[in-house]
>>> print(open('data39.cif').read())   # mmCIF, C-alpha atoms
data_target
#
loop_
_atom_site.group_PDB
_atom_site.id
_atom_site.type_symbol
_atom_site.label_atom_id
_atom_site.label_comp_id
_atom_site.auth_asym_id
_atom_site.auth_seq_id
_atom_site.Cartn_x
_atom_site.Cartn_y
_atom_site.Cartn_z
ATOM 1 C CA MET A 1330 -83.411 -28.896 -15.797
ATOM 2 C CA PHE A 1331 -80.564 -26.682 -14.625
ATOM 3 C CA LYS A 1332 -77.119 -28.216 -14.245
ATOM 4 C CA THR A 1333 -76.007 -25.841 -11.520
ATOM 5 C CA LYS A 1334 -77.513 -23.405 -9.034
ATOM 6 C CA LYS A 1335 -75.652 -20.612 -10.793
ATOM 7 C CA GLU A 1336 -77.536 -21.336 -14.037
ATOM 8 C CA LEU A 1337 -80.859 -21.045 -12.191
ATOM 9 C CA VAL A 1338 -79.815 -17.727 -10.626
ATOM 10 C CA PHE A 1339 -78.850 -16.369 -14.044
ATOM 11 C CA VAL A 1340 -82.169 -17.400 -15.605
ATOM 12 C CA ILE A 1341 -84.145 -15.755 -12.783
ATOM 13 C CA LEU A 1342 -82.136 -12.521 -12.951
ATOM 14 C CA ALA A 1343 -82.294 -12.494 -16.752
ATOM 15 C CA GLY A 1344 -86.065 -13.007 -16.668
ATOM 16 C CA ILE A 1345 -86.532 -10.085 -14.267
ATOM 17 C CA PHE A 1346 -84.177 -7.948 -16.354
ATOM 18 C CA ILE A 1347 -85.869 -8.665 -19.705
ATOM 19 C CA SER A 1348 -89.443 -8.429 -18.359
ATOM 20 C CA ASN A 1349 -88.900 -5.000 -16.837
ATOM 21 C CA ALA A 1350 -87.104 -3.703 -19.926
ATOM 22 C CA ILE A 1351 -89.959 -4.719 -22.254
ATOM 23 C CA VAL A 1352 -92.700 -3.507 -19.890
ATOM 24 C CA ALA A 1353 -90.933 -0.132 -19.770
ATOM 25 C CA GLU A 1354 -91.234 0.092 -23.566
ATOM 26 C CA LEU A 1355 -94.941 -0.713 -23.556
ATOM 27 C CA ILE A 1356 -95.887 1.884 -20.933
ATOM 28 C CA GLY A 1357 -93.348 4.519 -21.961
ATOM 29 C CA GLY A 1358 -95.740 6.498 -24.163
ATOM 30 C CA LYS A 1359 -97.588 7.840 -21.123
ATOM 31 C CA LEU A 1360 -96.164 11.017 -19.602
ATOM 32 C CA ILE A 1361 -96.765 11.680 -15.927
ATOM 33 C CA GLN A 1362 -96.383 14.820 -13.824
ATOM 34 C CA MET A 1363 -94.422 14.952 -10.599
ATOM 35 C CA GLY A 1364 -94.885 18.425 -9.178
ATOM 36 C CA PRO A 1365 -93.827 20.870 -11.891
ATOM 37 C CA PHE A 1366 -91.910 18.164 -13.779
ATOM 38 C CA VAL A 1367 -92.908 15.731 -16.533
ATOM 39 C CA MET A 1368 -91.428 12.305 -17.189
ATOM 40 C CA SER A 1369 -92.237 9.068 -18.979
ATOM 41 C CA MET A 1370 -94.104 6.306 -17.136
ATOM 42 C CA GLY A 1371 -91.557 3.934 -18.658
ATOM 43 C CA ILE A 1372 -89.057 5.140 -16.095
ATOM 44 C CA ILE A 1373 -90.826 3.234 -13.287
ATOM 45 C CA PRO A 1374 -89.508 -0.310 -14.051
ATOM 46 C CA TRP A 1375 -85.937 0.786 -14.817
ATOM 47 C CA PRO A 1376 -84.617 0.775 -11.232
ATOM 48 C CA ILE A 1377 -85.274 -2.996 -11.215
ATOM 49 C CA VAL A 1378 -83.191 -3.233 -14.386
ATOM 50 C CA PHE A 1379 -80.349 -1.397 -12.589
ATOM 51 C CA LEU A 1380 -80.590 -3.780 -9.649
ATOM 52 C CA THR A 1381 -80.457 -6.926 -11.763
ATOM 53 C CA THR A 1382 -77.704 -5.456 -13.974
ATOM 54 C CA ASP A 1383 -75.478 -4.985 -10.931
ATOM 55 C CA LEU A 1384 -76.173 -8.490 -9.602
ATOM 56 C CA ILE A 1385 -75.501 -10.054 -13.014
ATOM 57 C CA ASN A 1386 -72.326 -7.986 -13.289
ATOM 58 C CA GLU A 1387 -71.161 -9.238 -9.924
ATOM 59 C CA TYR A 1388 -71.814 -12.952 -10.438
ATOM 60 C CA PHE A 1389 -71.604 -13.454 -14.200
ATOM 61 C CA GLY A 1390 -69.130 -10.816 -15.243
ATOM 62 C CA GLU A 1391 -68.862 -8.292 -18.027
ATOM 63 C CA LYS A 1392 -69.566 -10.859 -20.752
ATOM 64 C CA GLY A 1393 -72.782 -11.948 -19.045
ATOM 65 C CA VAL A 1394 -74.161 -8.407 -18.974
ATOM 66 C CA ARG A 1395 -73.108 -7.651 -22.542
ATOM 67 C CA LYS A 1396 -74.711 -10.841 -23.871
ATOM 68 C CA LEU A 1397 -77.924 -10.219 -21.959
ATOM 69 C CA SER A 1398 -78.018 -6.593 -23.125
ATOM 70 C CA PHE A 1399 -77.839 -7.599 -26.796
ATOM 71 C CA ILE A 1400 -80.426 -10.351 -26.286
ATOM 72 C CA THR A 1401 -82.767 -7.870 -24.572
ATOM 73 C CA ALA A 1402 -82.271 -5.303 -27.342
ATOM 74 C CA ALA A 1403 -83.193 -8.000 -29.888
ATOM 75 C CA LEU A 1404 -86.335 -8.885 -27.900
ATOM 76 C CA ILE A 1405 -87.318 -5.216 -27.701
ATOM 77 C CA ALA A 1406 -86.898 -5.035 -31.475
ATOM 78 C CA TYR A 1407 -89.070 -8.155 -31.771
ATOM 79 C CA SER A 1408 -91.723 -6.399 -29.668
ATOM 80 C CA PHE A 1409 -91.486 -3.486 -32.085
ATOM 81 C CA LEU A 1410 -92.234 -5.780 -35.038
ATOM 82 C CA ILE A 1411 -95.207 -7.418 -33.297
ATOM 83 C CA LEU A 1412 -96.654 -4.002 -32.383
ATOM 84 C CA LEU A 1413 -96.138 -2.799 -35.937
ATOM 85 C CA LEU A 1414 -97.991 -5.851 -37.233
ATOM 86 C CA ALA A 1415 -100.801 -5.393 -34.693
ATOM 87 C CA ILE A 1416 -101.212 -1.724 -35.611
ATOM 88 C CA ASN A 1417 -101.579 -2.556 -39.297
ATOM 89 C CA ILE A 1418 -104.166 -5.322 -38.861
ATOM 90 C CA PRO A 1419 -107.631 -3.685 -38.764
ATOM 91 C CA ALA A 1420 -109.791 -4.157 -35.670
ATOM 92 C CA ALA A 1421 -113.076 -6.037 -36.103
ATOM 93 C CA LYS A 1422 -115.618 -3.224 -36.516
ATOM 94 C CA GLY A 1423 -118.464 -3.315 -34.052
ATOM 95 C CA ILE A 1424 -116.876 -6.204 -32.170
ATOM 96 C CA SER A 1425 -113.467 -5.121 -30.932
ATOM 97 C CA PRO A 1426 -113.670 -3.134 -27.669
ATOM 98 C CA VAL A 1427 -110.547 -1.264 -28.781
ATOM 99 C CA SER A 1428 -110.652 0.687 -32.043
ATOM 100 C CA ASP A 1429 -107.714 1.132 -34.424
ATOM 101 C CA ASP A 1430 -107.384 4.779 -33.369
ATOM 102 C CA GLN A 1431 -107.355 3.890 -29.678
ATOM 103 C CA PHE A 1432 -104.836 1.113 -30.209
ATOM 104 C CA PHE A 1433 -102.572 3.388 -32.246
ATOM 105 C CA ALA A 1434 -102.878 6.203 -29.704
ATOM 106 C CA VAL A 1435 -101.421 3.891 -27.052
ATOM 107 C CA PHE A 1436 -98.976 1.721 -28.964
ATOM 108 C CA GLY A 1437 -98.167 3.975 -31.911
ATOM 109 C CA GLN A 1438 -96.133 6.202 -29.630
ATOM 110 C CA SER A 1439 -94.338 3.089 -28.434
ATOM 111 C CA MET A 1440 -92.729 2.841 -31.851
ATOM 112 C CA TRP A 1441 -90.630 5.926 -31.142
ATOM 113 C CA ILE A 1442 -90.175 4.855 -27.537
ATOM 114 C CA ILE A 1443 -88.734 1.526 -28.659
ATOM 115 C CA VAL A 1444 -86.387 3.081 -31.244
ATOM 116 C CA GLY A 1445 -85.137 5.514 -28.607
ATOM 117 C CA SER A 1446 -84.944 2.887 -25.902
ATOM 118 C CA ILE A 1447 -82.994 0.352 -27.947
ATOM 119 C CA THR A 1448 -80.411 3.019 -28.716
ATOM 120 C CA ALA A 1449 -80.340 4.383 -25.162
ATOM 121 C CA PHE A 1450 -80.441 0.904 -23.630
ATOM 122 C CA LEU A 1451 -77.407 -0.405 -25.504
ATOM 123 C CA VAL A 1452 -75.377 2.774 -24.999
ATOM 124 C CA SER A 1453 -76.165 2.993 -21.278
ATOM 125 C CA GLN A 1454 -75.652 -0.732 -20.607
ATOM 126 C CA LEU A 1455 -72.258 -0.781 -22.323
ATOM 127 C CA ILE A 1456 -71.217 2.324 -20.379
ATOM 128 C CA ASP A 1457 -72.602 0.831 -17.147
ATOM 129 C CA VAL A 1458 -70.673 -2.413 -17.443
ATOM 130 C CA THR A 1459 -67.454 -0.559 -18.340
ATOM 131 C CA VAL A 1460 -67.698 1.800 -15.350
ATOM 132 C CA PHE A 1461 -68.766 -1.040 -13.022
ATOM 133 C CA TRP A 1462 -65.674 -3.070 -13.827
ATOM 134 C CA PHE A 1463 -63.439 0.005 -13.703
ATOM 135 C CA PHE A 1464 -64.367 0.401 -10.029
ATOM 136 C CA LYS A 1465 -64.452 -3.340 -9.246
ATOM 137 C CA ASN A 1466 -60.955 -3.899 -10.649
ATOM 138 C CA ARG A 1467 -59.705 -1.210 -8.263
ATOM 139 C CA THR A 1468 -61.711 -2.069 -5.144
ATOM 140 C CA GLY A 1469 -62.072 -5.858 -5.443
ATOM 141 C CA ASP A 1470 -64.985 -7.273 -3.454
ATOM 142 C CA THR A 1471 -65.273 -4.194 -1.243
ATOM 143 C CA LYS A 1472 -67.294 -0.981 -1.763
ATOM 144 C CA ILE A 1473 -70.203 -2.542 -3.630
ATOM 145 C CA TRP A 1474 -72.062 0.777 -3.297
ATOM 146 C CA LEU A 1475 -69.320 2.589 -5.230
ATOM 147 C CA ARG A 1476 -69.425 0.427 -8.345
ATOM 148 C CA THR A 1477 -73.217 0.085 -8.400
ATOM 149 C CA THR A 1478 -74.060 3.738 -7.798
ATOM 150 C CA GLY A 1479 -71.065 5.032 -9.766
ATOM 151 C CA SER A 1480 -71.976 3.060 -12.870
ATOM 152 C CA THR A 1481 -75.610 4.193 -12.610
ATOM 153 C CA ILE A 1482 -74.706 7.881 -12.216
ATOM 154 C CA ILE A 1483 -72.801 7.887 -15.489
ATOM 155 C CA SER A 1484 -74.781 5.431 -17.625
ATOM 156 C CA GLN A 1485 -78.219 6.818 -16.800
ATOM 157 C CA LEU A 1486 -77.200 10.362 -17.711
ATOM 158 C CA PHE A 1487 -76.806 9.123 -21.285
ATOM 159 C CA ASP A 1488 -79.924 6.941 -21.112
ATOM 160 C CA SER A 1489 -82.220 9.730 -19.883
ATOM 161 C CA PHE A 1490 -81.316 12.173 -22.642
ATOM 162 C CA ILE A 1491 -81.082 9.682 -25.521
ATOM 163 C CA VAL A 1492 -84.440 7.982 -24.976
ATOM 164 C CA LEU A 1493 -86.430 11.194 -24.486
ATOM 165 C CA GLY A 1494 -84.635 12.912 -27.346
ATOM 166 C CA ILE A 1495 -85.469 10.184 -29.854
ATOM 167 C CA ALA A 1496 -88.892 9.216 -28.480
ATOM 168 C CA PHE A 1497 -90.416 12.632 -27.789
ATOM 169 C CA TRP A 1498 -88.297 15.602 -28.862
ATOM 170 C CA LEU A 1499 -87.291 14.544 -32.403
ATOM 171 C CA PRO A 1500 -90.876 13.564 -33.387
ATOM 172 C CA GLY A 1501 -92.044 16.961 -32.088
ATOM 173 C CA LYS A 1502 -94.090 15.543 -29.199
ATOM 174 C CA ILE A 1503 -92.431 17.921 -26.716
ATOM 175 C CA ASN A 1504 -90.451 21.138 -27.067
ATOM 176 C CA PHE A 1505 -86.771 21.543 -26.224
ATOM 177 C CA ASP A 1506 -87.331 23.038 -22.771
ATOM 178 C CA THR A 1507 -89.668 20.193 -21.789
ATOM 179 C CA PHE A 1508 -87.163 17.701 -23.193
ATOM 180 C CA ILE A 1509 -84.336 19.068 -21.035
ATOM 181 C CA SER A 1510 -86.428 19.379 -17.864
ATOM 182 C CA SER A 1511 -87.988 15.914 -18.360
ATOM 183 C CA ALA A 1512 -84.600 14.304 -18.978
ATOM 184 C CA LEU A 1513 -83.125 15.931 -15.879
ATOM 185 C CA THR A 1514 -86.189 14.929 -13.827
ATOM 186 C CA GLY A 1515 -85.989 11.355 -15.059
ATOM 187 C CA TYR A 1516 -82.265 11.220 -14.393
ATOM 188 C CA THR A 1517 -82.702 12.595 -10.879
ATOM 189 C CA PHE A 1518 -85.509 10.104 -10.207
ATOM 190 C CA LYS A 1519 -83.478 7.123 -11.431
ATOM 191 C CA LEU A 1520 -80.420 8.247 -9.528
ATOM 192 C CA GLY A 1521 -82.420 8.720 -6.330
ATOM 193 C CA VAL A 1522 -84.047 5.317 -6.643
ATOM 194 C CA ALA A 1523 -80.687 3.695 -7.433
ATOM 195 C CA ILE A 1524 -79.302 5.092 -4.168
ATOM 196 C CA LEU A 1525 -82.381 3.916 -2.252
ATOM 197 C CA LEU A 1526 -81.981 0.435 -3.787
ATOM 198 C CA THR A 1527 -78.416 0.083 -2.495
ATOM 199 C CA PRO A 1528 -79.534 -1.935 0.576
ATOM 200 C CA LEU A 1529 -81.437 -4.277 -1.753
ATOM 201 C CA ILE A 1530 -78.277 -4.809 -3.788
ATOM 202 C CA TYR A 1531 -76.435 -5.831 -0.612
ATOM 203 C CA LEU A 1532 -79.363 -8.078 0.303
ATOM 204 C CA GLY A 1533 -79.346 -9.618 -3.181
ATOM 205 C CA HIS A 1534 -75.609 -10.274 -2.905
ATOM 206 C CA HIS A 1535 -76.103 -11.940 0.470
ATOM 207 C CA LEU A 1536 -78.994 -14.152 -0.657
ATOM 208 C CA ILE A 1537 -77.331 -15.244 -3.907
ATOM 209 C CA LYS A 1538 -74.013 -15.952 -2.194
ATOM 210 C CA LYS A 1539 -75.758 -17.946 0.541
ATOM 211 C CA TYR A 1540 -77.785 -19.937 -2.014
ATOM 212 C CA LEU A 1541 -74.738 -20.745 -4.165
ATOM 213 C CA GLU A 1542 -72.690 -21.866 -1.146
ATOM 214 C CA GLU A 1543 -75.379 -24.242 0.243
#
>>> encode(input="data39.cif", output="C-alpha cells")
Amino acid sequence: MFKTKKELVFVILAGIFISNAIVAELIGGKLIQMGPFVMSMGIIPWPIVFLTTDLINEYFGEKGVRKLSFITAALIAYSFLILLLAINIPAAKGISPVSDDQFFAVFGQSMWIIVGSITAFLVSQLIDVTVFWFFKNRTGDTKIWLRTTGSTIISQLFDSFIVLGIAFWLPGKINFDTFISSALTGYTFKLGVAILLTPLIYLGHHLIKKYLEE
C-alpha cells in the first residue's frame, strides 16, 4: 500500500494532526475553569498538534507542514459545512433524543469556533514553520528543543488571541477582560504543555529515525 516507510510515517502523523485539529473544533464551545481562569476545552488536543507539527517539520520539511496545514484548514471548513447542514435539518420530534435547541446549543457555538480556528490555525502554522526553520537553518540537527519550543512560543501567542477573539469576544460571548485573561491563560497552558512535551519530541525523533533506518 505504501511505497516507502517514510510515506507510512507521514500518513500516521498527518492522521494524528488532522484528528486532533478537528476534535478541538468540535469541543471548543465548552469553556472550563482552571482556578480563577477560564479557557476553551478545545485547547486540550492542541499540544498533540504541536508535537506532530514539529515531527512533520523535521522529517518532511517546510513544504510538508504547509501542505498539511492547508489540507487541515479545508477539512475544518468541510466540518463547518456539515455542521451547518445538520443544524438546519429539523430533528424528528418525539423520536430524536437530542432536540434542535440542544444540538444548536452545542454545535452552534462551534460555527464561530471554526471560523476563528481556521484563521488562527493558518496564521499560527505559517508562523510556526517559518520560526522552526529559522532556528533549524542556524543550528542544524542540534538543539531540537530550541526550534520546537521557540516556534511554539511565538506561533501560539497569535493563535490564542485570534481564536478567542473571533470565537467568543466578537460575538459578545465574553467581555474584553475575560477575553484577555482567557487568551493569556490558554497561551500559558499551551506553552507549559509544549515544554513538558519536549522529551516526547526527542522520543518521537528517536523512534522515527530508528524505524526509517531499519
>>> atom_distance(input="data39.cif", atom1="CA of Ala1402 in chain A", atom2="CA of Gly1357 in chain A")
15.8 Å
>>> residues_around(input="data39.cif", residues="Pro1528 in chain A", least_positions_apart="6", cutoff="12 Å", atoms="all atoms listed in the file", output="PyMOL selection string")
chain A and resi 1380+1473-1474+1477-1478+1522+1534-1535
>>> resolve_selection(input="data39.cif", expression="the PyMOL selection byres ((chain A and resi 1509-1513) around 9)", output="ChimeraX atom specification")
/A:1366-1369,1486,1488-1494,1504-1508,1514-1518
>>> closest_residue(input="data39.cif", among="A:Val1427, A:Pro1419, A:Arg1476, A:Leu1342", to="Leu1384 in chain A", atoms="only C-alpha atoms")
A:Leu1342
>>> closest_residue(input="data39.cif", among="A:Phe1464, A:Phe1339, A:Phe1497, A:Phe1346", to="Pro1374 in chain A", atoms="only C-alpha atoms")
A:Phe1346
>>> closest_residue(input="data39.cif", among="A:Ile1418, A:Ile1482, A:Leu1499, A:Leu1397", to="Val1444 in chain A", atoms="only C-alpha atoms")
A:Leu1499
>>> closest_residue(input="data39.cif", among="A:Ile1341, A:Ile1377, A:Gln1485, A:Glu1391", to="Phe1463 in chain A", atoms="all atoms listed in the file")
A:Glu1391
>>> closest_residue(input="data39.cif", among="A:Ile1495, A:Leu1529, A:Leu1337, A:Ala1523", to="Trp1375 in chain A", atoms="all atoms listed in the file")
A:Ala1523
>>> closest_residue(input="data39.cif", among="A:Leu1520, A:Met1370, A:Ala1403, A:Ala1496", to="Gly1479 in chain A", atoms="all atoms listed in the file")
A:Leu1520
>>> residues_around(input="data39.cif", residues="Leu1414 in chain A", least_positions_apart="4", cutoff="12 Å", atoms="all atoms listed in the file", output="list in words")
Tyr1407, Ser1408, Phe1409, Leu1410, Ile1418, Pro1419, Phe1433, Phe1436, Gly1437 and Met1440 of chain A
>>> atom_distance(input="data39.cif", atom1="CA of Ile1443 in chain A", atom2="CA of Thr1401 in chain A")
11.9 Å
>>> atom_distance(input="data39.cif", atom1="CA of Ser1428 in chain A", atom2="CA of Ile1405 in chain A")
24.5 Å
>>> axis_aligned_box(input="data39.cif", around="range 1336-1353 of chain A", padding_each_side="5 Å", output="lines of an AutoDock Vina configuration file")
center_x = -85.1
center_y = -10.7
center_z = -16.4
size_x = 25.2
size_y = 31.2
size_z = 21.6
>>> build_atoms(input="data39.cif", residues="range 1495-1527 of chain A", atoms="N, CA and C atoms", output="PDB file, in the coordinates of the input")
ATOM      1  N   ILE A1495     -84.997  10.925 -28.684  1.00  0.00           N
ATOM      2  CA  ILE A1495     -85.469  10.184 -29.854  1.00  0.00           C
ATOM      3  C   ILE A1495     -86.978   9.946 -29.799  1.00  0.00           C
ATOM      4  N   ALA A1496     -87.486   9.614 -28.606  1.00  0.00           N
ATOM      5  CA  ALA A1496     -88.892   9.216 -28.480  1.00  0.00           C
ATOM      6  C   ALA A1496     -89.868  10.384 -28.485  1.00  0.00           C
ATOM      7  N   PHE A1497     -89.453  11.535 -27.948  1.00  0.00           N
ATOM      8  CA  PHE A1497     -90.416  12.632 -27.789  1.00  0.00           C
ATOM      9  C   PHE A1497     -89.999  13.945 -28.458  1.00  0.00           C
ATOM     10  N   TRP A1498     -88.718  14.301 -28.333  1.00  0.00           N
ATOM     11  CA  TRP A1498     -88.297  15.602 -28.862  1.00  0.00           C
ATOM     12  C   TRP A1498     -88.168  15.594 -30.390  1.00  0.00           C
ATOM     13  N   LEU A1499     -87.465  14.606 -30.947  1.00  0.00           N
ATOM     14  CA  LEU A1499     -87.291  14.544 -32.403  1.00  0.00           C
ATOM     15  C   LEU A1499     -88.611  14.432 -33.163  1.00  0.00           C
ATOM     16  N   PRO A1500     -89.585  13.627 -32.682  1.00  0.00           N
ATOM     17  CA  PRO A1500     -90.876  13.564 -33.387  1.00  0.00           C
ATOM     18  C   PRO A1500     -91.747  14.803 -33.163  1.00  0.00           C
ATOM     19  N   GLY A1501     -91.277  15.750 -32.332  1.00  0.00           N
ATOM     20  CA  GLY A1501     -92.044  16.961 -32.088  1.00  0.00           C
ATOM     21  C   GLY A1501     -93.147  16.811 -31.056  1.00  0.00           C
ATOM     22  N   LYS A1502     -93.069  15.762 -30.227  1.00  0.00           N
ATOM     23  CA  LYS A1502     -94.090  15.543 -29.199  1.00  0.00           C
ATOM     24  C   LYS A1502     -93.933  16.525 -28.034  1.00  0.00           C
ATOM     25  N   ILE A1503     -92.710  16.948 -27.768  1.00  0.00           N
ATOM     26  CA  ILE A1503     -92.431  17.921 -26.716  1.00  0.00           C
ATOM     27  C   ILE A1503     -91.425  18.941 -27.240  1.00  0.00           C
ATOM     28  N   ASN A1504     -91.419  20.126 -26.636  1.00  0.00           N
ATOM     29  CA  ASN A1504     -90.451  21.138 -27.067  1.00  0.00           C
ATOM     30  C   ASN A1504     -89.113  20.933 -26.363  1.00  0.00           C
ATOM     31  N   PHE A1505     -88.126  21.740 -26.735  1.00  0.00           N
ATOM     32  CA  PHE A1505     -86.771  21.543 -26.224  1.00  0.00           C
ATOM     33  C   PHE A1505     -86.694  21.742 -24.712  1.00  0.00           C
ATOM     34  N   ASP A1506     -87.374  22.768 -24.209  1.00  0.00           N
ATOM     35  CA  ASP A1506     -87.331  23.038 -22.771  1.00  0.00           C
ATOM     36  C   ASP A1506     -87.921  21.877 -21.964  1.00  0.00           C
ATOM     37  N   THR A1507     -89.046  21.333 -22.467  1.00  0.00           N
ATOM     38  CA  THR A1507     -89.668  20.193 -21.789  1.00  0.00           C
ATOM     39  C   THR A1507     -88.765  18.970 -21.866  1.00  0.00           C
ATOM     40  N   PHE A1508     -88.106  18.807 -23.002  1.00  0.00           N
ATOM     41  CA  PHE A1508     -87.163  17.701 -23.193  1.00  0.00           C
ATOM     42  C   PHE A1508     -86.051  17.757 -22.150  1.00  0.00           C
ATOM     43  N   ILE A1509     -85.434  18.926 -21.989  1.00  0.00           N
ATOM     44  CA  ILE A1509     -84.336  19.068 -21.035  1.00  0.00           C
ATOM     45  C   ILE A1509     -84.817  18.856 -19.600  1.00  0.00           C
ATOM     46  N   SER A1510     -85.930  19.502 -19.242  1.00  0.00           N
ATOM     47  CA  SER A1510     -86.428  19.379 -17.864  1.00  0.00           C
ATOM     48  C   SER A1510     -86.885  17.954 -17.567  1.00  0.00           C
ATOM     49  N   SER A1511     -87.520  17.294 -18.554  1.00  0.00           N
ATOM     50  CA  SER A1511     -87.988  15.914 -18.360  1.00  0.00           C
ATOM     51  C   SER A1511     -86.809  14.953 -18.222  1.00  0.00           C
ATOM     52  N   ALA A1512     -85.777  15.169 -19.047  1.00  0.00           N
ATOM     53  CA  ALA A1512     -84.600  14.304 -18.978  1.00  0.00           C
ATOM     54  C   ALA A1512     -83.891  14.454 -17.636  1.00  0.00           C
ATOM     55  N   LEU A1513     -83.772  15.692 -17.171  1.00  0.00           N
ATOM     56  CA  LEU A1513     -83.125  15.931 -15.879  1.00  0.00           C
ATOM     57  C   LEU A1513     -83.959  15.358 -14.730  1.00  0.00           C
ATOM     58  N   THR A1514     -85.301  15.493 -14.849  1.00  0.00           N
ATOM     59  CA  THR A1514     -86.189  14.929 -13.827  1.00  0.00           C
ATOM     60  C   THR A1514     -86.070  13.410 -13.796  1.00  0.00           C
ATOM     61  N   GLY A1515     -86.110  12.810 -14.978  1.00  0.00           N
ATOM     62  CA  GLY A1515     -85.989  11.355 -15.059  1.00  0.00           C
ATOM     63  C   GLY A1515     -84.664  10.867 -14.521  1.00  0.00           C
ATOM     64  N   TYR A1516     -83.598  11.590 -14.868  1.00  0.00           N
ATOM     65  CA  TYR A1516     -82.265  11.220 -14.393  1.00  0.00           C
ATOM     66  C   TYR A1516     -82.179  11.315 -12.870  1.00  0.00           C
ATOM     67  N   THR A1517     -82.711  12.400 -12.332  1.00  0.00           N
ATOM     68  CA  THR A1517     -82.702  12.595 -10.879  1.00  0.00           C
ATOM     69  C   THR A1517     -83.510  11.499 -10.177  1.00  0.00           C
ATOM     70  N   PHE A1518     -84.664  11.163 -10.778  1.00  0.00           N
ATOM     71  CA  PHE A1518     -85.509  10.104 -10.207  1.00  0.00           C
ATOM     72  C   PHE A1518     -84.769   8.773 -10.197  1.00  0.00           C
ATOM     73  N   LYS A1519     -84.176   8.407 -11.334  1.00  0.00           N
ATOM     74  CA  LYS A1519     -83.478   7.123 -11.431  1.00  0.00           C
ATOM     75  C   LYS A1519     -82.280   7.075 -10.501  1.00  0.00           C
ATOM     76  N   LEU A1520     -81.579   8.196 -10.409  1.00  0.00           N
ATOM     77  CA  LEU A1520     -80.420   8.247  -9.528  1.00  0.00           C
ATOM     78  C   LEU A1520     -80.842   8.111  -8.070  1.00  0.00           C
ATOM     79  N   GLY A1521     -81.917   8.804  -7.696  1.00  0.00           N
ATOM     80  CA  GLY A1521     -82.420   8.720  -6.330  1.00  0.00           C
ATOM     81  C   GLY A1521     -82.861   7.312  -5.968  1.00  0.00           C
ATOM     82  N   VAL A1522     -83.579   6.684  -6.898  1.00  0.00           N
ATOM     83  CA  VAL A1522     -84.047   5.317  -6.643  1.00  0.00           C
ATOM     84  C   VAL A1522     -82.875   4.355  -6.575  1.00  0.00           C
ATOM     85  N   ALA A1523     -81.872   4.559  -7.441  1.00  0.00           N
ATOM     86  CA  ALA A1523     -80.687   3.695  -7.433  1.00  0.00           C
ATOM     87  C   ALA A1523     -79.991   3.748  -6.072  1.00  0.00           C
ATOM     88  N   ILE A1524     -79.920   4.942  -5.489  1.00  0.00           N
ATOM     89  CA  ILE A1524     -79.302   5.092  -4.168  1.00  0.00           C
ATOM     90  C   ILE A1524     -80.152   4.389  -3.106  1.00  0.00           C
ATOM     91  N   LEU A1525     -81.481   4.556  -3.214  1.00  0.00           N
ATOM     92  CA  LEU A1525     -82.381   3.916  -2.252  1.00  0.00           C
ATOM     93  C   LEU A1525     -82.337   2.387  -2.362  1.00  0.00           C
ATOM     94  N   LEU A1526     -82.026   1.887  -3.574  1.00  0.00           N
ATOM     95  CA  LEU A1526     -81.981   0.435  -3.787  1.00  0.00           C
ATOM     96  C   LEU A1526     -80.678  -0.197  -3.319  1.00  0.00           C
ATOM     97  N   THR A1527     -79.714   0.617  -2.909  1.00  0.00           N
ATOM     98  CA  THR A1527     -78.416   0.083  -2.495  1.00  0.00           C
ATOM     99  C   THR A1527     -78.536  -1.011  -1.428  1.00  0.00           C
TER     100      THR A1527
END
